[in-house]
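S.K.: Next comes structure-v9.tsv, TSV, C-alpha atoms:
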chain	number	residue	atom	x	y	z
A	6	MET	CA	-24.17	-3.27	34.95
A	7	ILE	CA	-26.39	-6.35	34.50
A	8	ARG	CA	-24.74	-7.04	31.14
A	9	VAL	CA	-21.29	-6.93	32.76
A	10	LEU	CA	-22.46	-9.33	35.47
A	11	LEU	CA	-23.79	-11.74	32.84
A	12	PHE	CA	-20.43	-11.75	31.04
A	13	LEU	CA	-18.63	-12.28	34.36
A	14	ALA	CA	-20.99	-15.18	35.14
A	15	TYR	CA	-20.20	-16.64	31.70
A	16	ALA	CA	-16.46	-16.58	32.39
A	17	LEU	CA	-16.69	-17.82	35.99
A	18	CYS	CA	-19.16	-20.64	35.29
A	19	GLY	CA	-17.20	-21.59	32.17
A	20	HIS	CA	-13.95	-21.92	34.07
A	21	LEU	CA	-15.57	-23.85	36.94
A	22	SER	CA	-17.28	-26.18	34.47
A	23	VAL	CA	-13.87	-27.14	33.09
A	24	LEU	CA	-12.29	-27.62	36.51
A	25	ARG	CA	-15.19	-29.71	37.82
A	26	SER	CA	-16.40	-31.31	34.58
A	27	ALA	CA	-19.88	-30.05	35.44
A	28	PRO	CA	-22.44	-29.98	32.59
A	29	ALA	CA	-24.77	-27.77	34.68
A	30	LEU	CA	-22.07	-25.10	34.86
A	31	GLU	CA	-21.51	-25.37	31.10
A	32	TRP	CA	-25.22	-24.75	30.65
A	33	ALA	CA	-25.14	-21.78	33.05
A	34	SER	CA	-22.10	-20.33	31.29
A	35	LEU	CA	-23.54	-20.56	27.79
A	36	SER	CA	-26.91	-19.22	28.98
A	37	ALA	CA	-25.21	-16.25	30.68
A	38	LEU	CA	-23.28	-15.52	27.47
A	39	ALA	CA	-26.50	-15.53	25.44
A	40	GLY	CA	-28.09	-13.22	28.01
A	41	GLY	CA	-25.15	-10.83	27.84
A	42	LEU	CA	-25.15	-10.71	24.05
A	43	LEU	CA	-28.92	-10.25	23.83
A	44	TYR	CA	-29.34	-8.02	26.89
A	45	PRO	CA	-29.98	-4.66	25.15
A	46	ARG	CA	-32.78	-6.15	23.07
A	47	LEU	CA	-34.11	-8.23	25.98
A	48	ARG	CA	-34.30	-5.06	28.07
A	49	ALA	CA	-36.13	-3.31	25.24
A	50	GLY	CA	-38.74	-6.09	25.31
A	51	SER	CA	-38.04	-7.53	21.85
A	52	TRP	CA	-40.01	-10.78	21.50
A	53	ARG	CA	-37.43	-12.00	18.98
A	54	ALA	CA	-34.68	-11.52	21.55
A	55	TRP	CA	-36.70	-13.37	24.21
A	56	LEU	CA	-37.39	-16.18	21.76
A	57	GLY	CA	-33.68	-16.31	20.87
A	58	MET	CA	-32.82	-16.41	24.57
A	59	ALA	CA	-35.23	-19.30	25.16
A	60	VAL	CA	-33.74	-21.22	22.23
A	61	ALA	CA	-30.19	-20.53	23.44
A	62	VAL	CA	-30.98	-21.71	26.98
A	63	ALA	CA	-32.67	-24.89	25.69
A	64	ALA	CA	-29.90	-25.62	23.16
A	65	SER	CA	-27.22	-25.05	25.81
A	66	GLY	CA	-28.99	-27.51	28.10
A	67	VAL	CA	-29.18	-30.18	25.42
A	68	LEU	CA	-25.56	-29.70	24.35
A	69	SER	CA	-24.34	-29.85	27.93
A	70	ARG	CA	-26.22	-33.09	28.59
A	71	ILE	CA	-24.79	-34.83	25.51
A	72	ALA	CA	-21.24	-33.59	26.24
A	73	GLY	CA	-21.31	-31.21	23.29
A	74	GLY	CA	-21.22	-28.15	25.51
A	75	ARG	CA	-17.48	-28.47	26.03
A	76	TYR	CA	-16.91	-27.91	22.31
A	77	VAL	CA	-19.38	-25.03	22.12
A	78	MET	CA	-17.48	-23.42	25.02
A	79	TYR	CA	-14.50	-22.96	22.70
A	80	LEU	CA	-16.53	-21.00	20.15
A	81	PRO	CA	-16.88	-17.63	21.95
A	82	SER	CA	-13.17	-17.51	22.80
A	83	VAL	CA	-12.43	-17.75	19.06
A	84	ALA	CA	-15.41	-15.91	17.56
A	85	LEU	CA	-15.33	-12.78	19.74
A	86	PRO	CA	-11.63	-11.97	19.17
A	87	ALA	CA	-12.00	-12.84	15.47
A	88	VAL	CA	-14.92	-10.43	15.01
A	89	THR	CA	-13.09	-7.73	17.01
A	90	LEU	CA	-9.93	-8.29	14.99
A	91	PHE	CA	-11.91	-7.94	11.77
A	92	GLY	CA	-13.27	-4.58	13.00
A	93	PHE	CA	-9.87	-3.19	13.95
A	94	ALA	CA	-7.90	-4.55	10.99
A	95	GLY	CA	-10.62	-3.70	8.46
A	96	SER	CA	-10.57	-0.07	9.56
A	97	LEU	CA	-6.86	0.13	8.69
A	98	LEU	CA	-7.43	-0.59	5.00
A	99	PRO	CA	-6.67	2.24	2.54
A	100	GLY	CA	-9.41	4.83	2.32
A	101	ARG	CA	-10.91	3.97	5.72
A	102	THR	CA	-10.75	5.78	9.04
A	103	ALA	CA	-9.07	3.79	11.80
A	104	LEU	CA	-11.52	2.51	14.41
A	105	VAL	CA	-9.84	4.22	17.38
A	106	THR	CA	-9.76	7.46	15.36
A	107	ARG	CA	-13.53	7.19	14.83
A	108	ILE	CA	-14.09	6.58	18.54
A	109	ALA	CA	-11.88	9.52	19.51
A	110	ALA	CA	-13.58	11.78	16.95
A	111	SER	CA	-16.99	10.94	18.37
A	112	ALA	CA	-15.79	12.11	21.81
A	113	GLN	CA	-14.71	15.55	20.59
A	114	GLU	CA	-16.23	17.84	18.01
A	115	HIS	CA	-12.82	18.56	16.51
A	116	LEU	CA	-10.19	15.86	17.06
A	117	PRO	CA	-6.82	17.57	17.60
A	118	LEU	CA	-4.43	16.84	14.72
A	119	PRO	CA	-1.74	15.22	16.92
A	120	LEU	CA	-4.29	12.62	18.02
A	121	VAL	CA	-5.32	11.65	14.48
A	122	GLY	CA	-2.04	9.88	13.66
A	123	TYR	CA	-1.70	8.55	17.19
A	124	THR	CA	-5.15	6.95	17.20
A	125	ARG	CA	-4.27	5.14	13.99
A	126	GLN	CA	-1.18	3.74	15.72
A	127	VAL	CA	-3.35	2.64	18.66
A	128	THR	CA	-5.65	0.85	16.20
A	129	TRP	CA	-2.56	-1.03	14.96
A	130	LEU	CA	-1.64	-1.84	18.58
A	131	TRP	CA	-5.08	-3.34	19.29
A	132	THR	CA	-5.00	-5.24	16.01
A	133	MET	CA	-1.72	-6.90	16.98
A	134	VAL	CA	-2.77	-7.58	20.59
A	135	ILE	CA	-6.07	-9.19	19.56
A	136	ALA	CA	-4.37	-11.21	16.81
A	137	ALA	CA	-1.86	-12.53	19.38
A	138	VAL	CA	-4.68	-13.38	21.81
A	139	LEU	CA	-6.59	-15.21	19.10
A	140	LEU	CA	-3.55	-17.21	17.95
A	141	PHE	CA	-2.62	-18.22	21.50
A	142	ASP	CA	-6.23	-19.21	22.21
A	143	LEU	CA	-6.23	-21.44	19.11
A	144	TYR	CA	-2.90	-22.94	20.16
A	145	LEU	CA	-4.30	-23.85	23.59
A	146	ILE	CA	-7.45	-25.35	22.05
A	147	PHE	CA	-5.51	-27.65	19.73
A	148	ALA	CA	-2.26	-28.26	21.61
A	149	GLY	CA	-2.83	-27.39	25.25
A	150	SER	CA	-4.90	-28.83	28.05
A	151	ARG	CA	-8.51	-27.82	28.54
A	152	GLU	CA	-7.64	-26.39	31.97
A	153	ARG	CA	-4.89	-24.13	30.58
A	154	TRP	CA	-7.18	-22.97	27.79
A	155	SER	CA	-9.90	-22.12	30.33
A	156	GLU	CA	-7.49	-20.18	32.54
A	157	PHE	CA	-6.41	-18.11	29.55
A	158	ALA	CA	-9.84	-17.65	27.92
A	159	ASN	CA	-11.82	-17.03	31.10
A	160	ILE	CA	-9.32	-15.25	33.34
A	161	TYR	CA	-5.98	-14.12	31.91
A	162	ILE	CA	-7.32	-12.59	28.72
A	163	TYR	CA	-9.31	-10.00	30.70
A	164	GLY	CA	-6.21	-9.03	32.66
A	165	ILE	CA	-4.13	-8.71	29.48
A	166	LEU	CA	-6.71	-6.55	27.69
A	167	SER	CA	-7.27	-4.40	30.79
A	168	LEU	CA	-3.53	-3.77	31.16
A	169	VAL	CA	-3.18	-2.77	27.50
A	170	PHE	CA	-6.24	-0.52	27.75
A	171	LEU	CA	-5.08	1.18	30.96
A	172	GLY	CA	-1.45	1.42	29.79
A	173	GLU	CA	-2.44	3.09	26.52
A	174	TYR	CA	-4.77	5.49	28.32
A	175	LEU	CA	-2.08	6.56	30.82
A	176	TYR	CA	0.57	6.87	28.09
A	177	ARG	CA	-1.77	9.05	25.99
A	178	ARG	CA	-2.62	11.31	28.95
A	179	ILE	CA	1.09	11.89	29.61
A	180	ARG	CA	2.20	12.21	25.98
A	181	PHE	CA	-0.64	14.60	25.02
A	182	ARG	CA	-0.84	16.50	28.30
A	183	GLY	CA	-1.75	19.81	26.68
A	184	VAL	CA	-4.40	18.33	24.39
A	185	GLU	CA	-8.03	18.28	25.53
A	186	GLN	CA	-9.22	14.70	26.10
A	187	PRO	CA	-12.16	13.05	27.88
A	188	GLY	CA	-11.57	11.82	31.44
A	189	PHE	CA	-11.29	8.10	32.20
A	190	VAL	CA	-14.92	7.64	33.29
A	191	ASP	CA	-16.18	9.65	30.28
A	192	TYR	CA	-13.94	7.53	28.04
A	193	LEU	CA	-15.45	4.31	29.44
A	194	ARG	CA	-18.97	5.68	28.95
A	195	LEU	CA	-18.12	6.57	25.37
A	196	LEU	CA	-16.85	3.03	24.65
A	197	SER	CA	-19.93	1.46	26.22
A	198	LYS	CA	-22.12	3.37	23.76
A	199	ARG	CA	-20.18	2.11	20.74
A	200	PRO	CA	-21.85	-1.03	19.33
A	201	ASP	CA	-18.76	-1.86	17.29
A	202	ILE	CA	-16.56	-1.89	20.37
A	203	ALA	CA	-18.58	-2.85	23.40
For the file at hand, write its structure as structure tokens.
M.R.:
Amino acid sequence: MIRVLLFLAYALCGHLSVLRSAPALEWASLSALAGGLLYPRLRAGSWRAWLGMAVAVAASGVLSRIAGGRYVMYLPSVALPAVTLFGFAGSLLPGRTALVTRIAASAQEHLPLPLVGYTRQVTWLWTMVIAAVLLFDLYLIFAGSRERWSEFANIYIYGILSLVFLGEYLYRRIRFRGVEQPGFVDYLRLLSKRPDIA
């Protein structure tokens, strides 16, 4: 829950920093992002994670004061989708098991055969959605206004991804009604335990 709140603080402070041209909010946003990314190791008490957090907070403060924070703010909106896209697309290469298939297989001891092909198609769906998000984000960075980029990167993208996630889940529950599947809450718990997804 704390990790989710840190990521929400990152998005909210990031968007407000753009609207108000506030370096302090840039600093808060970048610090919250570092906290969210490092949270599992911070919680475990890793001194390396705490040192990394201290460096990230200090570096964010310096960058924000010299007006470099605004450029660093673009980085997560490109890097996170790019890494996610690499994970989804890479799993579709010949000889590999599609990422969504692996996730589904880890939820059930024996993945029903109808779901094997379907989960590969869902991996393709996420690959295309994330590629489109990444391309539009890059377009807004280079050709759009900073305000429009921030609206997309800090607000709209979460709505788009949530709608795709929920739509696919509902479609799958209807299409494979007779096939045993985890419930929605169990499905979310499963995803949160996957380091390559959440």
S.K.: So the first atom is CA of Glu152 in chain A and the second is CA of Leu168 in chain A; what is the distance between them in Å, to one decimal place?
M.R.: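 CA of Leu168 in chain A lies at a distance of 23.0 Å from CA of Glu152 in chain A.
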S.K.: Just how far from CA of Val138 in chain A is CA of Gln126 in chain A, in Å to one decimal?
M.R.: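 Separation between CA of Gln126 in chain A and CA of Val138 in chain A: 18.5 Å.
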S.K.: Counting all atoms listed in the file, what are the residues of range 112-201 of chain A within 12 Å of range 79-103 of chain A, and for each of them which pair of atoms is the nearest and at what distance in Å, to one decimal? Sort the table by chain and rising number, as a Markdown table.
M.R.:
| residue | atom | partner | partner_atom | distance |
| --- | --- | --- | --- | --- |
| A:Leu120 | CA | A:Ala103 | CA | 11.8 |
| A:Val121 | CA | A:Ala103 | CA | 9.1 |
| A:Gly122 | CA | A:Ala103 | CA | 9.5 |
| A:Tyr123 | CA | A:Ala103 | CA | 10.3 |
| A:Thr124 | CA | A:Ala103 | CA | 7.4 |
| A:Arg125 | CA | A:Ala103 | CA | 5.4 |
| A:Gln126 | CA | A:Ala103 | CA | 8.8 |
| A:Val127 | CA | A:Ala103 | CA | 9.0 |
| A:Thr128 | CA | A:Phe93 | CA | 6.3 |
| A:Trp129 | CA | A:Ala94 | CA | 7.5 |
| A:Leu130 | CA | A:Phe93 | CA | 9.5 |
| A:Trp131 | CA | A:Phe93 | CA | 7.2 |
| A:Thr132 | CA | A:Phe93 | CA | 5.7 |
| A:Met133 | CA | A:Leu90 | CA | 8.6 |
| A:Val134 | CA | A:Leu90 | CA | 9.1 |
| A:Ile135 | CA | A:Leu90 | CA | 6.0 |
| A:Ala136 | CA | A:Leu90 | CA | 6.5 |
| A:Ala137 | CA | A:Pro86 | CA | 9.8 |
| A:Val138 | CA | A:Pro86 | CA | 7.6 |
| A:Leu139 | CA | A:Pro86 | CA | 6.0 |
| A:Leu140 | CA | A:Val83 | CA | 9.0 |
| A:Phe141 | CA | A:Val83 | CA | 10.1 |
| A:Asp142 | CA | A:Val83 | CA | 7.1 |
| A:Leu143 | CA | A:Val83 | CA | 7.2 |
| A:Tyr144 | CA | A:Val83 | CA | 10.9 |
| A:Leu145 | CA | A:Tyr79 | CA | 10.3 |
| A:Ile146 | CA | A:Tyr79 | CA | 7.5 |
| A:Phe147 | CA | A:Tyr79 | CA | 10.6 |
| A:Arg151 | CA | A:Tyr79 | CA | 9.7 |
| A:Trp154 | CA | A:Tyr79 | CA | 8.9 |
| A:Ser155 | CA | A:Tyr79 | CA | 8.9 |
| A:Glu156 | CA | A:Ser82 | CA | 11.6 |
| A:Phe157 | CA | A:Ser82 | CA | 9.6 |
| A:Ala158 | CA | A:Ser82 | CA | 6.1 |
| A:Asn159 | CA | A:Ser82 | CA | 8.4 |
| A:Ile160 | CA | A:Ser82 | CA | 11.4 |
| A:Ile162 | CA | A:Ser82 | CA | 9.7 |
| A:Tyr163 | CA | A:Ser82 | CA | 11.6 |
| A:Leu166 | CA | A:Pro86 | CA | 11.2 |
| A:Pro200 | CA | A:Gly92 | CA | 11.2 |
| A:Asp201 | CA | A:Gly92 | CA | 7.5 |
S.K.: Save out the residues we just selected, C-alpha atoms, as an mmCIF file, in the frame of the given file.
M.R.:
data_model
loop_
_atom_site.group_PDB
_atom_site.id
_atom_site.type_symbol
_atom_site.label_atom_id
_atom_site.label_comp_id
_atom_site.auth_asym_id
_atom_site.auth_seq_id
_atom_site.Cartn_x
_atom_site.Cartn_y
_atom_site.Cartn_z
ATOM 1 C CA LEU A 120 -4.290 12.620 18.020
ATOM 2 C CA VAL A 121 -5.320 11.650 14.480
ATOM 3 C CA GLY A 122 -2.040 9.880 13.660
ATOM 4 C CA TYR A 123 -1.700 8.550 17.190
ATOM 5 C CA THR A 124 -5.150 6.950 17.200
ATOM 6 C CA ARG A 125 -4.270 5.140 13.990
ATOM 7 C CA GLN A 126 -1.180 3.740 15.720
ATOM 8 C CA VAL A 127 -3.350 2.640 18.660
ATOM 9 C CA THR A 128 -5.650 0.850 16.200
ATOM 10 C CA TRP A 129 -2.560 -1.030 14.960
ATOM 11 C CA LEU A 130 -1.640 -1.840 18.580
ATOM 12 C CA TRP A 131 -5.080 -3.340 19.290
ATOM 13 C CA THR A 132 -5.000 -5.240 16.010
ATOM 14 C CA MET A 133 -1.720 -6.900 16.980
ATOM 15 C CA VAL A 134 -2.770 -7.580 20.590
ATOM 16 C CA ILE A 135 -6.070 -9.190 19.560
ATOM 17 C CA ALA A 136 -4.370 -11.210 16.810
ATOM 18 C CA ALA A 137 -1.860 -12.530 19.380
ATOM 19 C CA VAL A 138 -4.680 -13.380 21.810
ATOM 20 C CA LEU A 139 -6.590 -15.210 19.100
ATOM 21 C CA LEU A 140 -3.550 -17.210 17.950
ATOM 22 C CA PHE A 141 -2.620 -18.220 21.500
ATOM 23 C CA ASP A 142 -6.230 -19.210 22.210
ATOM 24 C CA LEU A 143 -6.230 -21.440 19.110
ATOM 25 C CA TYR A 144 -2.900 -22.940 20.160
ATOM 26 C CA LEU A 145 -4.300 -23.850 23.590
ATOM 27 C CA ILE A 146 -7.450 -25.350 22.050
ATOM 28 C CA PHE A 147 -5.510 -27.650 19.730
ATOM 29 C CA ARG A 151 -8.510 -27.820 28.540
ATOM 30 C CA TRP A 154 -7.180 -22.970 27.790
ATOM 31 C CA SER A 155 -9.900 -22.120 30.330
ATOM 32 C CA GLU A 156 -7.490 -20.180 32.540
ATOM 33 C CA PHE A 157 -6.410 -18.110 29.550
ATOM 34 C CA ALA A 158 -9.840 -17.650 27.920
ATOM 35 C CA ASN A 159 -11.820 -17.030 31.100
ATOM 36 C CA ILE A 160 -9.320 -15.250 33.340
ATOM 37 C CA ILE A 162 -7.320 -12.590 28.720
ATOM 38 C CA TYR A 163 -9.310 -10.000 30.700
ATOM 39 C CA LEU A 166 -6.710 -6.550 27.690
ATOM 40 C CA PRO A 200 -21.850 -1.030 19.330
ATOM 41 C CA ASP A 201 -18.760 -1.860 17.290
#
S.K.: Extract, using only C-alpha atoms, all DNA, RNA and protein residues at most 8 Å from Ala16 in chain A, discarding same-chain residues fewer than 2 positions from it, and format them as a VMD selection string.
M.R.: chain A and resid 12 to 14 18 to 20 34 159 to 160
S.K.: Those selected residues, please, written with C-alpha atoms and delivered as a short mmCIF file (atom, residue, chain, number, x, y, z; two decimals), in the coordinates of the input.
M.R.:
data_model
loop_
_atom_site.label_atom_id
_atom_site.label_comp_id
_atom_site.auth_asym_id
_atom_site.auth_seq_id
_atom_site.Cartn_x
_atom_site.Cartn_y
_atom_site.Cartn_z
CA PHE A 12 -20.43 -11.75 31.04
CA LEU A 13 -18.63 -12.28 34.36
CA ALA A 14 -20.99 -15.18 35.14
CA CYS A 18 -19.16 -20.64 35.29
CA GLY A 19 -17.20 -21.59 32.17
CA HIS A 20 -13.95 -21.92 34.07
CA SER A 34 -22.10 -20.33 31.29
CA ASN A 159 -11.82 -17.03 31.10
CA ILE A 160 -9.32 -15.25 33.34
#
S.K.: Quick one: distance from CA of Ile165 in chain A to CA of Ala33 in chain A in Å, one decimal?
M.R.: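 Computing it gives 25.0 Å between the two atoms.
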S.K.: Hey, could you patch up range 135-162 of chain A with N, CA and C atoms and hand it over as a CSV table (one decimal), in the frame of the given file?
M.R.:
chain,number,residue,atom,x,y,z
A,135,ILE,N,-4.9,-8.3,19.7
A,135,ILE,CA,-6.1,-9.2,19.6
A,135,ILE,C,-5.7,-10.4,18.7
A,136,ALA,N,-4.8,-10.1,17.7
A,136,ALA,CA,-4.4,-11.2,16.8
A,136,ALA,C,-3.5,-12.2,17.6
A,137,ALA,N,-2.7,-11.7,18.5
A,137,ALA,CA,-1.9,-12.5,19.4
A,137,ALA,C,-2.7,-13.3,20.3
A,138,VAL,N,-3.7,-12.7,20.9
A,138,VAL,CA,-4.7,-13.4,21.8
A,138,VAL,C,-5.4,-14.5,21.1
A,139,LEU,N,-5.9,-14.2,19.9
A,139,LEU,CA,-6.6,-15.2,19.1
A,139,LEU,C,-5.7,-16.4,18.7
A,140,LEU,N,-4.5,-16.1,18.3
A,140,LEU,CA,-3.6,-17.2,18.0
A,140,LEU,C,-3.2,-18.1,19.2
A,141,PHE,N,-3.0,-17.4,20.3
A,141,PHE,CA,-2.6,-18.2,21.5
A,141,PHE,C,-3.8,-19.0,22.0
A,142,ASP,N,-5.0,-18.5,21.9
A,142,ASP,CA,-6.2,-19.2,22.2
A,142,ASP,C,-6.4,-20.5,21.3
A,143,LEU,N,-6.2,-20.3,20.0
A,143,LEU,CA,-6.2,-21.4,19.1
A,143,LEU,C,-5.2,-22.5,19.4
A,144,TYR,N,-4.0,-22.0,19.8
A,144,TYR,CA,-2.9,-22.9,20.2
A,144,TYR,C,-3.3,-23.8,21.4
A,145,LEU,N,-3.9,-23.1,22.4
A,145,LEU,CA,-4.3,-23.8,23.6
A,145,LEU,C,-5.4,-24.8,23.3
A,146,ILE,N,-6.3,-24.5,22.4
A,146,ILE,CA,-7.4,-25.4,22.0
A,146,ILE,C,-6.9,-26.6,21.4
A,147,PHE,N,-6.0,-26.5,20.5
A,147,PHE,CA,-5.5,-27.6,19.7
A,147,PHE,C,-4.3,-28.4,20.3
A,148,ALA,N,-3.5,-27.6,21.1
A,148,ALA,CA,-2.3,-28.3,21.6
A,148,ALA,C,-2.1,-28.2,23.1
A,149,GLY,N,-3.0,-27.5,23.8
A,149,GLY,CA,-2.8,-27.4,25.2
A,149,GLY,C,-3.9,-28.2,26.0
A,150,SER,N,-3.9,-28.1,27.3
A,150,SER,CA,-4.9,-28.8,28.0
A,150,SER,C,-6.1,-27.9,28.1
A,151,ARG,N,-7.3,-28.6,28.4
A,151,ARG,CA,-8.5,-27.8,28.5
A,151,ARG,C,-8.4,-26.8,29.7
A,152,GLU,N,-7.8,-27.2,30.8
A,152,GLU,CA,-7.6,-26.4,32.0
A,152,GLU,C,-6.8,-25.1,31.7
A,153,ARG,N,-5.7,-25.3,30.9
A,153,ARG,CA,-4.9,-24.1,30.6
A,153,ARG,C,-5.6,-23.2,29.6
A,154,TRP,N,-6.4,-23.8,28.7
A,154,TRP,CA,-7.2,-23.0,27.8
A,154,TRP,C,-8.2,-22.2,28.6
A,155,SER,N,-8.9,-22.8,29.5
A,155,SER,CA,-9.9,-22.1,30.3
A,155,SER,C,-9.3,-21.0,31.2
A,156,GLU,N,-8.1,-21.2,31.8
A,156,GLU,CA,-7.5,-20.2,32.5
A,156,GLU,C,-7.2,-19.0,31.7
A,157,PHE,N,-6.7,-19.2,30.5
A,157,PHE,CA,-6.4,-18.1,29.6
A,157,PHE,C,-7.7,-17.4,29.1
A,158,ALA,N,-8.6,-18.2,28.6
A,158,ALA,CA,-9.8,-17.6,27.9
A,158,ALA,C,-10.8,-17.0,28.9
A,159,ASN,N,-10.8,-17.5,30.1
A,159,ASN,CA,-11.8,-17.0,31.1
A,159,ASN,C,-11.3,-16.1,32.2
A,160,ILE,N,-9.9,-16.1,32.3
A,160,ILE,CA,-9.3,-15.2,33.3
A,160,ILE,C,-8.2,-14.3,32.8
A,161,TYR,N,-7.2,-14.9,32.3
A,161,TYR,CA,-6.0,-14.1,31.9
A,161,TYR,C,-6.2,-13.1,30.8
A,162,ILE,N,-7.1,-13.5,29.9
A,162,ILE,CA,-7.3,-12.6,28.7
A,162,ILE,C,-7.9,-11.2,29.2
